[in-house]
$ cat protein14.cif   # mmCIF, C-alpha atoms
data_run
loop_
_atom_site.label_atom_id
_atom_site.label_comp_id
_atom_site.auth_asym_id
_atom_site.auth_seq_id
_atom_site.Cartn_x
_atom_site.Cartn_y
_atom_site.Cartn_z
CA MET A 27 31.55 -2.75 -17.29
CA LEU A 28 29.52 -0.71 -14.81
CA THR A 29 28.24 2.82 -15.38
CA LEU A 30 26.73 4.87 -12.58
CA PHE A 31 24.48 7.79 -13.39
CA HIS A 32 24.71 9.96 -10.32
CA HIS A 33 25.00 13.44 -8.87
CA PRO A 34 27.87 14.31 -6.48
CA SER A 35 25.45 15.77 -3.92
CA CYS A 36 22.75 13.10 -4.22
CA PRO A 37 22.88 11.05 -0.99
CA HIS A 38 21.52 7.94 -2.70
CA SER A 39 24.24 8.19 -5.35
CA ARG A 40 26.82 8.51 -2.59
CA PHE A 41 25.49 5.31 -1.04
CA VAL A 42 26.02 3.40 -4.29
CA ARG A 43 29.50 4.83 -4.75
CA LEU A 44 30.47 3.72 -1.23
CA ALA A 45 29.02 0.26 -1.84
CA LEU A 46 30.90 -0.13 -5.12
CA GLU A 47 34.16 0.94 -3.45
CA GLU A 48 33.66 -1.45 -0.55
CA LEU A 49 33.11 -4.26 -3.05
CA GLY A 50 36.18 -3.30 -5.07
CA LEU A 51 34.08 -2.50 -8.15
CA THR A 52 34.89 0.31 -10.54
CA ALA A 53 32.16 2.19 -12.37
CA ARG A 54 32.30 4.88 -15.00
CA LEU A 55 30.59 7.93 -13.46
CA VAL A 56 28.15 10.03 -15.46
CA GLU A 57 26.81 13.15 -13.75
CA VAL A 58 23.08 13.76 -14.16
CA ARG A 59 21.17 16.92 -13.35
CA THR A 60 17.81 15.36 -12.70
CA TRP A 61 16.02 18.71 -12.82
CA GLU A 62 16.82 18.97 -16.53
CA ARG A 63 14.56 15.93 -17.10
CA ARG A 64 16.51 14.85 -20.17
CA GLU A 65 14.81 12.36 -22.43
CA ASP A 66 17.79 9.97 -22.57
CA PHE A 67 17.95 9.72 -18.78
CA LEU A 68 14.18 9.23 -18.45
CA MET A 69 14.57 6.26 -20.80
CA LEU A 70 16.93 4.71 -18.23
CA ASN A 71 14.76 5.57 -15.26
CA PRO A 72 11.23 6.86 -15.92
CA ALA A 73 11.08 8.13 -12.32
CA GLY A 74 13.82 10.61 -13.29
CA THR A 75 15.86 10.08 -10.12
CA THR A 76 19.51 9.26 -9.40
CA PRO A 77 21.28 6.91 -8.99
CA VAL A 78 20.96 4.42 -11.84
CA LEU A 79 23.51 1.62 -12.21
CA VAL A 80 23.89 0.20 -15.70
CA GLU A 81 25.54 -3.13 -16.43
CA GLU A 82 25.59 -4.99 -19.72
CA GLY A 83 23.13 -7.83 -19.85
CA ALA A 84 20.78 -6.44 -17.20
CA PRO A 85 18.11 -3.74 -17.19
CA PRO A 86 19.14 -0.38 -15.64
CA VAL A 87 19.03 -0.64 -11.84
CA PRO A 88 17.41 2.45 -10.28
CA GLY A 89 17.63 3.61 -6.68
CA ALA A 90 19.89 2.87 -3.73
CA ALA A 91 17.90 -0.03 -2.24
CA ILE A 92 17.42 -1.82 -5.57
CA VAL A 93 21.11 -1.43 -6.42
CA ALA A 94 21.96 -2.91 -3.01
CA GLU A 95 19.79 -5.96 -3.73
CA TYR A 96 21.25 -6.28 -7.22
CA LEU A 97 24.85 -6.21 -5.98
CA PHE A 98 23.94 -8.69 -3.24
CA GLU A 99 22.50 -11.09 -5.80
CA THR A 100 25.20 -10.74 -8.44
CA ARG A 101 28.37 -10.16 -6.40
CA GLY A 102 28.64 -13.21 -4.19
CA GLY A 103 26.72 -11.93 -1.23
CA SER A 104 28.21 -8.44 -1.39
CA ALA A 105 31.11 -9.46 0.84
CA GLY A 106 29.07 -9.22 4.02
CA LEU A 107 27.47 -5.84 3.32
CA MET A 108 24.25 -7.85 3.33
CA PRO A 109 24.30 -10.64 5.95
CA SER A 110 23.90 -14.24 4.84
CA GLU A 111 21.13 -14.89 7.36
CA SER A 112 17.62 -13.82 6.36
CA GLY A 113 16.68 -12.54 9.82
CA GLU A 114 19.75 -10.30 9.94
CA ARG A 115 18.92 -8.91 6.51
CA ILE A 116 15.64 -7.58 7.93
CA GLU A 117 17.60 -5.27 10.22
CA VAL A 118 19.95 -4.16 7.44
CA ARG A 119 17.02 -3.42 5.14
CA ARG A 120 15.12 -1.66 7.91
CA LEU A 121 18.04 0.68 8.57
CA MET A 122 18.76 1.19 4.85
CA SER A 123 15.16 2.31 4.51
CA TRP A 124 15.46 4.43 7.66
CA PHE A 125 18.24 6.50 6.09
CA ASN A 126 17.39 6.23 2.39
CA ASP A 127 13.73 7.09 2.95
CA LYS A 128 13.13 8.65 6.36
CA PHE A 129 16.36 10.59 6.89
CA PHE A 130 16.22 11.66 3.25
CA ALA A 131 12.65 12.94 3.61
CA GLU A 132 13.34 14.71 6.90
CA ALA A 133 16.89 16.00 6.48
CA SER A 134 19.23 15.21 3.59
CA GLY A 135 16.62 15.63 0.83
CA PRO A 136 15.42 19.10 1.85
CA LEU A 137 18.93 20.37 2.72
CA VAL A 138 20.52 19.22 -0.54
CA THR A 139 17.59 20.57 -2.54
CA GLU A 140 17.47 23.95 -0.80
CA ARG A 141 21.19 24.57 -0.46
CA ILE A 142 22.63 22.91 -3.60
CA TYR A 143 20.15 21.95 -6.31
CA LYS A 144 18.27 25.26 -6.15
CA ARG A 145 21.50 27.10 -7.06
CA PHE A 146 21.56 25.26 -10.37
CA ILE A 147 17.85 25.02 -11.15
CA PRO A 148 16.53 27.93 -13.27
CA ALA A 149 14.31 30.32 -11.33
CA GLY A 150 11.21 29.44 -13.39
CA ASP A 151 11.63 25.73 -12.58
CA GLY A 152 11.81 26.08 -8.81
CA GLY A 153 15.38 27.31 -8.38
CA GLY A 154 16.43 30.36 -6.40
CA PRO A 155 17.36 31.19 -2.81
CA PRO A 156 16.89 28.49 -0.16
CA ASP A 157 13.81 28.41 2.03
CA THR A 158 15.27 29.10 5.47
CA GLU A 159 12.27 27.64 7.28
CA ILE A 160 12.71 24.29 5.51
CA MET A 161 16.45 24.39 6.25
CA ARG A 162 15.87 25.10 9.92
CA ALA A 163 13.43 22.20 10.30
CA ALA A 164 15.70 19.78 8.42
CA ARG A 165 18.77 20.71 10.46
CA ASN A 166 16.81 20.21 13.63
CA ASN A 167 15.69 16.73 12.52
CA ILE A 168 19.32 15.60 12.20
CA ARG A 169 19.68 15.68 15.98
CA TYR A 170 17.37 12.78 16.74
CA HIS A 171 18.88 10.72 13.94
CA LEU A 172 22.33 11.21 15.46
CA ASN A 173 20.96 10.15 18.81
CA TYR A 174 19.45 7.06 17.18
CA ILE A 175 22.80 6.17 15.57
CA GLY A 176 24.50 6.65 18.92
CA TRP A 177 21.92 4.46 20.66
CA LEU A 178 22.41 1.67 18.11
CA VAL A 179 26.20 1.82 18.17
CA ARG A 180 26.28 1.69 21.96
CA LYS A 181 24.64 -1.76 21.67
CA ARG A 182 26.58 -3.02 18.66
CA ASP A 183 29.85 -2.40 16.84
CA TRP A 184 28.12 -1.19 13.71
CA LEU A 185 24.58 -0.02 13.00
CA ALA A 186 23.03 -3.40 12.19
CA GLY A 187 25.32 -5.69 14.15
CA ASP A 188 28.92 -6.85 14.49
CA ARG A 189 29.99 -5.93 10.98
CA LEU A 190 29.86 -3.04 8.58
CA THR A 191 26.81 -3.45 6.34
CA TYR A 192 24.75 -1.52 3.83
CA ALA A 193 23.05 0.07 6.86
CA ASP A 194 26.25 1.92 7.81
CA LEU A 195 26.92 2.96 4.23
CA SER A 196 23.41 4.32 3.90
CA ALA A 197 23.61 6.38 7.09
CA ALA A 198 27.11 7.63 6.25
CA ALA A 199 26.15 8.54 2.67
CA HIS A 200 23.24 10.72 3.77
CA LEU A 201 25.20 12.31 6.61
CA SER A 202 28.14 13.04 4.31
CA ALA A 203 25.93 14.89 1.82
CA VAL A 204 24.77 17.14 4.65
CA ASP A 205 28.20 17.31 6.30
CA TYR A 206 29.54 18.84 3.07
CA LEU A 207 27.30 21.78 3.92
CA GLY A 208 28.44 21.85 7.55
CA ASP A 209 24.94 21.03 8.74
CA VAL A 210 25.65 18.08 11.05
CA PRO A 211 25.81 18.98 14.77
CA TRP A 212 28.40 16.32 15.61
CA ASN A 213 28.66 17.36 19.24
CA GLU A 214 25.09 16.18 19.73
CA ASP A 215 26.23 12.57 20.18
CA GLU A 216 29.82 11.51 20.79
CA THR A 217 29.16 7.85 19.95
CA ALA A 218 27.63 8.74 16.61
CA LYS A 219 30.57 11.01 15.91
CA ALA A 220 33.06 8.23 16.72
CA TRP A 221 31.15 5.82 14.47
CA TYR A 222 31.23 8.36 11.60
CA ALA A 223 34.97 8.93 12.14
CA ARG A 224 35.52 5.17 11.70
CA ILE A 225 33.55 5.07 8.44
CA LYS A 226 35.04 8.28 7.12
CA SER A 227 38.56 6.84 7.52
CA ARG A 228 37.84 3.88 5.25
CA PRO A 229 39.44 3.90 1.79
CA SER A 230 35.94 3.66 0.25
CA PHE A 231 35.27 7.22 1.46
CA ARG A 232 38.33 8.86 -0.09
CA ALA A 233 36.92 9.75 -3.49
CA LEU A 234 33.86 11.44 -1.99
CA LEU A 235 35.94 13.48 0.45
CA GLY A 236 38.21 14.71 -2.34
CA GLU A 237 35.46 16.21 -4.49
CA THR A 238 34.42 19.84 -4.55
CA LEU A 239 31.36 21.38 -6.17
CA PRO A 240 32.12 24.33 -8.44
CA GLY A 241 31.40 27.56 -6.57
CA LEU A 242 30.46 25.78 -3.36
CA PRO A 243 33.46 24.56 -1.32
CA PRO A 244 32.80 22.05 1.48
CA ALA A 245 32.62 23.01 5.14
CA PRO A 246 36.12 23.15 6.71
CA SER A 247 35.82 19.87 8.63
CA TYR A 248 34.22 17.90 5.77
CA ALA A 249 37.36 16.11 4.58
CA ASN A 250 39.10 16.23 7.95
CA LEU A 251 39.41 12.72 9.42
CA ASP A 252 39.95 14.22 12.87
CA PHE A 253 36.91 16.52 12.92
CA MET B 14 2.04 -17.96 13.12
CA LEU B 15 2.01 -14.60 11.35
CA THR B 16 0.69 -11.35 12.78
CA LEU B 17 0.21 -8.28 10.63
CA PHE B 18 0.05 -4.86 12.26
CA HIS B 19 -1.84 -2.78 9.73
CA HIS B 20 -4.45 -0.16 9.07
CA PRO B 21 -7.38 -0.90 6.69
CA SER B 22 -6.74 2.31 4.74
CA CYS B 23 -2.94 2.11 4.66
CA PRO B 24 -1.95 1.27 1.06
CA HIS B 25 1.26 -0.47 2.15
CA SER B 26 -0.71 -2.65 4.56
CA ARG B 27 -3.09 -3.51 1.71
CA PHE B 28 -0.12 -4.61 -0.38
CA VAL B 29 1.01 -7.04 2.32
CA ARG B 30 -2.50 -8.40 2.79
CA LEU B 31 -2.79 -9.07 -0.96
CA ALA B 32 0.63 -10.74 -1.01
CA LEU B 33 -0.23 -12.98 1.95
CA GLU B 34 -3.52 -13.98 0.29
CA GLU B 35 -1.81 -14.74 -3.03
CA LEU B 36 0.66 -16.95 -1.16
CA GLY B 37 -2.08 -18.74 0.75
CA LEU B 38 -0.79 -17.45 4.09
CA THR B 39 -3.04 -16.48 6.97
CA ALA B 40 -2.09 -13.73 9.39
CA ARG B 41 -3.74 -12.46 12.52
CA LEU B 42 -4.61 -8.82 11.84
CA VAL B 43 -4.01 -6.13 14.46
CA GLU B 44 -5.20 -2.64 13.59
CA VAL B 45 -2.79 0.18 14.42
CA ARG B 46 -3.52 3.88 14.51
CA THR B 47 -0.02 5.13 13.81
CA TRP B 48 -0.91 8.69 14.82
CA GLU B 49 -1.34 7.53 18.41
CA ARG B 50 2.39 6.71 18.49
CA ARG B 51 1.89 3.97 21.07
CA GLU B 52 5.01 2.80 22.85
CA ASP B 53 4.38 -0.90 22.21
CA PHE B 54 4.09 -0.35 18.48
CA LEU B 55 7.21 1.84 18.36
CA MET B 56 9.07 -1.07 19.96
CA LEU B 57 8.11 -3.18 16.93
CA ASN B 58 8.93 -0.46 14.41
CA PRO B 59 10.74 2.65 15.63
CA ALA B 60 9.73 4.45 12.42
CA GLY B 61 6.13 4.21 13.67
CA THR B 62 4.67 3.18 10.30
CA THR B 63 2.43 0.35 9.13
CA PRO B 64 2.64 -2.42 8.06
CA VAL B 65 4.76 -4.63 10.30
CA LEU B 66 4.73 -8.40 9.85
CA VAL B 67 5.68 -10.45 12.87
CA GLU B 68 6.69 -14.08 12.71
CA GLU B 69 8.15 -16.19 15.49
CA GLY B 70 11.89 -16.62 15.22
CA ALA B 71 12.50 -13.49 13.14
CA PRO B 72 12.72 -9.79 13.96
CA PRO B 73 9.61 -7.71 13.11
CA VAL B 74 9.52 -7.00 9.36
CA PRO B 75 8.57 -3.37 8.65
CA GLY B 76 7.33 -1.89 5.38
CA ALA B 77 5.89 -3.25 2.16
CA ALA B 78 9.16 -3.71 0.26
CA ILE B 79 10.98 -5.40 3.14
CA VAL B 80 8.04 -7.74 3.74
CA ALA B 81 8.09 -8.63 0.02
CA GLU B 82 11.78 -9.54 0.23
CA TYR B 83 11.20 -11.50 3.43
CA LEU B 84 8.37 -13.55 1.94
CA PHE B 85 10.44 -14.12 -1.20
CA GLU B 86 13.31 -15.47 0.88
CA THR B 87 11.30 -17.57 3.31
CA ARG B 88 8.39 -18.80 1.20
CA GLY B 89 10.00 -20.70 -1.66
CA GLY B 90 10.34 -17.87 -4.11
CA SER B 91 6.95 -16.37 -3.29
CA ALA B 92 5.24 -18.53 -5.94
CA GLY B 93 6.33 -16.30 -8.78
CA LEU B 94 5.36 -12.97 -7.23
CA MET B 95 9.10 -12.29 -7.42
CA PRO B 96 10.68 -13.74 -10.59
CA SER B 97 13.44 -16.33 -10.28
CA GLU B 98 15.74 -14.42 -12.64
CA SER B 99 17.73 -11.54 -11.12
CA GLY B 100 17.31 -9.24 -14.14
CA GLU B 101 13.53 -9.63 -14.00
CA ARG B 102 13.53 -8.84 -10.31
CA ILE B 103 14.97 -5.41 -11.09
CA GLU B 104 11.80 -4.53 -12.98
CA VAL B 105 9.54 -5.90 -10.24
CA ARG B 106 11.45 -3.94 -7.59
CA ARG B 107 11.46 -0.81 -9.74
CA LEU B 108 7.69 -0.91 -10.09
CA MET B 109 7.12 -1.84 -6.45
CA SER B 110 9.10 1.28 -5.56
CA TRP B 111 7.21 3.29 -8.18
CA PHE B 112 3.91 2.59 -6.45
CA ASN B 113 5.02 2.14 -2.84
CA ASP B 114 7.15 5.30 -2.88
CA LYS B 115 6.28 7.58 -5.79
CA PHE B 116 2.54 6.95 -6.16
CA PHE B 117 2.27 7.02 -2.38
CA ALA B 118 4.05 10.39 -2.15
CA GLU B 119 2.08 11.91 -5.00
CA ALA B 120 -1.39 10.40 -4.62
CA SER B 121 -2.37 7.66 -2.19
CA GLY B 122 -0.48 9.07 0.80
CA PRO B 123 -1.95 12.59 0.70
CA LEU B 124 -5.47 11.37 -0.15
CA VAL B 125 -5.63 8.78 2.61
CA THR B 126 -4.16 11.25 5.10
CA GLU B 127 -6.44 14.14 4.17
CA ARG B 128 -9.65 12.19 3.66
CA ILE B 129 -9.37 9.39 6.21
CA TYR B 130 -6.65 9.73 8.86
CA LYS B 131 -7.45 13.39 9.58
CA ARG B 132 -10.98 12.37 10.60
CA PHE B 133 -9.54 10.28 13.40
CA ILE B 134 -6.55 12.39 14.44
CA PRO B 135 -7.30 14.87 17.24
CA ALA B 136 -7.38 18.50 16.08
CA GLY B 137 -4.32 19.44 18.14
CA ASP B 138 -2.25 16.67 16.50
CA GLY B 139 -2.92 17.64 12.89
CA GLY B 140 -6.44 16.26 12.45
CA GLY B 141 -9.39 18.20 11.11
CA PRO B 142 -10.94 18.98 7.73
CA PRO B 143 -9.04 17.90 4.61
CA ASP B 144 -6.89 20.39 2.71
CA THR B 145 -8.72 20.66 -0.60
CA GLU B 146 -5.66 21.98 -2.45
CA ILE B 147 -3.63 18.90 -1.50
CA MET B 148 -6.57 16.67 -2.50
CA ARG B 149 -6.91 18.36 -5.87
CA ALA B 150 -3.21 17.98 -6.68
CA ALA B 151 -3.14 14.33 -5.57
CA ARG B 152 -6.23 13.43 -7.60
CA ASN B 153 -4.71 15.05 -10.62
CA ASN B 154 -1.49 13.05 -10.23
CA ILE B 155 -3.42 9.77 -10.46
CA ARG B 156 -4.06 10.42 -14.17
CA TYR B 157 -0.49 10.03 -15.33
CA HIS B 158 -0.02 6.94 -13.18
CA LEU B 159 -3.06 5.35 -14.84
CA ASN B 160 -1.61 6.22 -18.24
CA TYR B 161 1.68 4.63 -17.20
CA ILE B 162 -0.09 1.44 -16.11
CA GLY B 163 -1.97 1.39 -19.42
CA TRP B 164 1.27 1.89 -21.35
CA LEU B 165 2.96 -0.99 -19.52
CA VAL B 166 0.03 -3.38 -19.88
CA ARG B 167 -0.28 -2.68 -23.60
CA LYS B 168 3.25 -4.15 -23.94
CA ARG B 169 2.88 -7.00 -21.45
CA ASP B 170 0.18 -9.10 -19.82
CA TRP B 171 0.96 -7.77 -16.36
CA LEU B 172 2.88 -4.76 -15.11
CA ALA B 173 6.34 -6.33 -14.94
CA GLY B 174 5.99 -9.08 -17.55
CA ASP B 175 4.01 -12.20 -18.44
CA ARG B 176 2.94 -13.02 -14.91
CA LEU B 177 1.30 -11.38 -11.94
CA THR B 178 4.05 -10.16 -9.58
CA TYR B 179 4.51 -7.96 -6.55
CA ALA B 180 4.48 -5.03 -9.00
CA ASP B 181 0.79 -5.61 -9.79
CA LEU B 182 -0.09 -6.08 -6.12
CA SER B 183 1.66 -2.86 -5.21
CA ALA B 184 -0.12 -0.81 -7.89
CA ALA B 185 -3.48 -2.40 -7.08
CA ALA B 186 -3.06 -1.90 -3.34
CA HIS B 187 -2.43 1.83 -3.67
CA LEU B 188 -5.17 2.29 -6.24
CA SER B 189 -7.65 0.37 -4.10
CA ALA B 190 -7.01 2.61 -1.10
CA VAL B 191 -7.86 5.61 -3.24
CA ASP B 192 -10.69 3.85 -5.09
CA TYR B 193 -12.42 3.36 -1.73
CA LEU B 194 -12.77 7.14 -1.73
CA GLY B 195 -13.99 7.24 -5.34
CA ASP B 196 -10.91 9.22 -6.38
CA VAL B 197 -9.68 7.12 -9.33
CA PRO B 198 -10.72 8.49 -12.76
CA TRP B 199 -10.98 5.05 -14.38
CA ASN B 200 -12.16 6.42 -17.70
CA GLU B 201 -8.75 8.04 -18.14
CA ASP B 202 -7.27 4.79 -19.47
CA GLU B 203 -9.31 1.78 -20.59
CA THR B 204 -6.32 -0.60 -20.53
CA ALA B 205 -5.46 0.33 -16.96
CA LYS B 206 -9.11 -0.14 -16.02
CA ALA B 207 -9.22 -3.60 -17.63
CA TRP B 208 -6.02 -4.57 -15.79
CA TYR B 209 -7.51 -3.44 -12.47
CA ALA B 210 -10.71 -5.37 -13.19
CA ARG B 211 -8.61 -8.53 -13.62
CA ILE B 212 -6.79 -8.01 -10.32
CA LYS B 213 -9.91 -6.98 -8.45
CA SER B 214 -11.62 -10.25 -9.45
CA ARG B 215 -8.94 -12.39 -7.83
CA PRO B 216 -9.85 -14.20 -4.61
CA SER B 217 -6.96 -12.39 -2.87
CA PHE B 218 -8.90 -9.13 -3.20
CA ARG B 219 -12.13 -10.31 -1.61
CA ALA B 220 -11.38 -9.50 2.02
CA LEU B 221 -10.34 -5.92 1.19
CA LEU B 222 -13.45 -5.29 -0.89
CA GLY B 223 -15.72 -6.53 1.89
CA GLU B 224 -14.47 -4.11 4.54
CA THR B 225 -16.09 -0.82 5.50
CA LEU B 226 -14.68 1.95 7.67
CA PRO B 227 -17.00 3.08 10.46
CA GLY B 228 -18.74 6.29 9.40
CA LEU B 229 -17.14 6.34 5.97
CA PRO B 230 -18.75 3.94 3.47
CA PRO B 231 -16.84 3.16 0.25
CA ALA B 232 -17.64 4.77 -3.08
CA PRO B 233 -20.49 2.93 -4.87
CA SER B 234 -18.27 1.18 -7.43
CA TYR B 235 -15.52 0.20 -4.95
CA ALA B 236 -16.58 -3.43 -4.44
CA ASN B 237 -18.26 -3.77 -7.84
CA LEU B 238 -16.31 -6.16 -10.07
CA ASP B 239 -17.98 -4.69 -13.15
CA PHE B 240 -17.24 -1.03 -12.42
#
$ encode --input "protein14.cif" --output "structure tokens"
Amino acid sequence: MLTLFHHPSCPHSRFVRLALEELGLTARLVEVRTWERREDFLMLNPAGTTPVLVEEGAPPVPGAAIVAEYLFETRGGSAGLMPSESGERIEVRRLMSWFNDKFFAEASGPLVTERIYKRFIPAGDGGGPPDTEIMRAARNNIRYHLNYIGWLVRKRDWLAGDRLTYADLSAAAHLSAVDYLGDVPWNEDETAKAWYARIKSRPSFRALLGETLPGLPPAPSYANLDF
Amino acid sequence: MLTLFHHPSCPHSRFVRLALEELGLTARLVEVRTWERREDFLMLNPAGTTPVLVEEGAPPVPGAAIVAEYLFETRGGSAGLMPSESGERIEVRRLMSWFNDKFFAEASGPLVTERIYKRFIPAGDGGGPPDTEIMRAARNNIRYHLNYIGWLVRKRDWLAGDRLTYADLSAAAHLSAVDYLGDVPWNEDETAKAWYARIKSRPSFRALLGETLPGLPPAPSYANLDF
């Protein structure tokens, strides 16, 4: 029995949900508002961040990268999401970190915080209207990441090589969180757009595309497979 | 033949150097000034960050966590630095991320940038005098991390359990980068201080403690084993 503590807009949570779907695993979903800093959630993950995957017989598994390693070790090689060859895993881990850390710091983190979380956070705790300067910078950063995806996919079928891996799921998870807001300039790179269309059409993406935040509907093309 | 592209003040580079020493591995060291954004280094790691470990027959391995996984996979279990049991590895990875990501974002990253890197970065590229407000906040954050280390070590011999692991090396690496500057309030937590004294006395630490940056000598107690 798996339980995933997550938030629908958290890009790292989206990564884990995609990975679980790709592996055919079902998890009970528990929504967490990390800004509430609830005691029971801090017991699971003292860092106070989503996602956390909980499975009987193991300690709570916090964070996208650590969940990826855990699933790789406990689910028979994660069905190719992590390659069997050590050298190839370097590239998958490098790109996972690129999107989970770098893209998050430069784009998906600030945009989700400014445009979504700050609606729900009380004004005294840092909530309120978005900082348009931060939004502008983050949106601009997405461009070079799209170009990087396009550059990679022009050399390979998928981001890290010939097969779909955690690298693709990581990039798609972060882009999807921002695409919900309509902030991805898809026309910037046609190859990146075609790669995202391929991922978005997979059954693992369906649940994400069907969800709507209360009071904040997705951008018109968000769930459109022919965007 | 291993080559490590590093910077003496980079906490993540320090982590890799400690890990290599603990494993009895020798690497050729090449100093990188990441702010110069040299083309040849960006070829090794497009993210432009240190450390990068290079070994013949494998792609360049970027970043502390990815190097730790690589050494674990290629060096016979990393001699216990990563536990053999999957559940125990969760805790080691959680704490590696705590220090490599969270402590770095809140303390070692800003302090090393403000107090060291900005001395060497040209004024037009973001160099110049340190921002004292950032320094003050980062120094203050170190306190709760020391308390957390003390809390963990009061329950266990080492941070993640009964043995020295990557978790200890990660915490010690980041603290040492800041301790060079005299910015660690060791009297905040006696247990954390005793734990650091144990790590600092290990032969793996010697090379780090013997180094001095040109024009910026370490704080008086930095290399003192009885601090």
$ resolve_selection --input "protein14.cif" --expression "the PyMOL selection byres ((chain B and resi 220) around 12)" --output "count of residues only"
21
$ residues_near_point --input "protein14.cif" --point "(20.5, 7.2, 18.9)" --cutoff "12 Å" --atoms "only C-alpha atoms" --output "list in words"
Ile168, Arg169, Tyr170, His171, Leu172, Asn173, Tyr174, Ile175, Gly176, Trp177, Leu178, Val179, Arg180, Lys181, Arg182, Leu185, Glu214, Asp215, Glu216, Thr217, Ala218, Lys219 and Trp221 of chain A; Pro59 of chain B
$ interface_residues --input "protein14.cif" --of "chain B" --to "chain A" --cutoff "9 Å" --atoms "all atoms listed in the file" --output "list in words"
Ala60, Gly70, Ala71, Pro72, Pro73, Val74, Pro75, Gly76, Ile79, Val80, Glu82, Tyr83, Glu86, Thr87, Ser99, Gly100, Glu101, Arg102, Ile103, Glu104, Arg106, Arg107, Ser110, Trp111, Asp114 and Lys115 of chain B
$ residues_around --input "protein14.cif" --residues "A:Met108" --least-positions-apart "6" --cutoff "8 Å" --atoms "only C-alpha atoms" --output "list in words"
Phe98, Arg115, Val118, Thr191 and Tyr192 of chain A
$ atom_distance --input "protein14.cif" --atom1 "atom CA of A:Ala164" --atom2 "atom CA of A:Lys144"
15.8 Å
$ resolve_selection --input "protein14.cif" --expression "the PyMOL selection byres ((chain B and resi 133) around 12)" --output "JSON, numbers by chain"
{"B": [46, 47, 48, 49, 125, 126, 127, 128, 129, 130, 131, 132, 134, 135, 136, 137, 138, 139, 140, 141, 142, 143, 226, 227, 228, 229]}
$ atom_distance --input "protein14.cif" --atom1 "atom CA of A:Asp194" --atom2 "atom CA of A:Ser134"
15.6 Å
$ closest_residue --input "protein14.cif" --among "B:Arg211, B:Arg152, B:His187, B:Arg88" --to "B:Leu36" --atoms "all atoms listed in the file"
B:Arg88
$ atom_distance --input "protein14.cif" --atom1 "atom CA of B:Arg149" --atom2 "atom CA of B:Ala120"
9.8 Å
$ residues_around --input "protein14.cif" --residues "B:Phe18" --least-positions-apart "2" --cutoff "6 Å" --atoms "only C-alpha atoms" --output "ChimeraX atom specification"
/B:43-44,64-65
$ resolve_selection --input "protein14.cif" --expression "the PyMOL selection byres ((chain A and resi 205) around 10)" --output "tab-separated table (two decimals) with C-alpha atoms, in the frame of the given file"
chain	number	residue	atom	x	y	z
A	134	SER	CA	19.23	15.21	3.59
A	198	ALA	CA	27.11	7.63	6.25
A	199	ALA	CA	26.15	8.54	2.67
A	200	HIS	CA	23.24	10.72	3.77
A	201	LEU	CA	25.20	12.31	6.61
A	202	SER	CA	28.14	13.04	4.31
A	203	ALA	CA	25.93	14.89	1.82
A	204	VAL	CA	24.77	17.14	4.65
A	206	TYR	CA	29.54	18.84	3.07
A	207	LEU	CA	27.30	21.78	3.92
A	208	GLY	CA	28.44	21.85	7.55
A	209	ASP	CA	24.94	21.03	8.74
A	210	VAL	CA	25.65	18.08	11.05
A	211	PRO	CA	25.81	18.98	14.77
A	212	TRP	CA	28.40	16.32	15.61
A	244	PRO	CA	32.80	22.05	1.48
A	245	ALA	CA	32.62	23.01	5.14
A	246	PRO	CA	36.12	23.15	6.71
A	247	SER	CA	35.82	19.87	8.63
A	248	TYR	CA	34.22	17.90	5.77
A	249	ALA	CA	37.36	16.11	4.58
$ closest_residue --input "protein14.cif" --among "A:Leu137, A:Met122, A:Leu28, A:Ala131" --to "A:Ala197" --atoms "all atoms listed in the file"
A:Met122
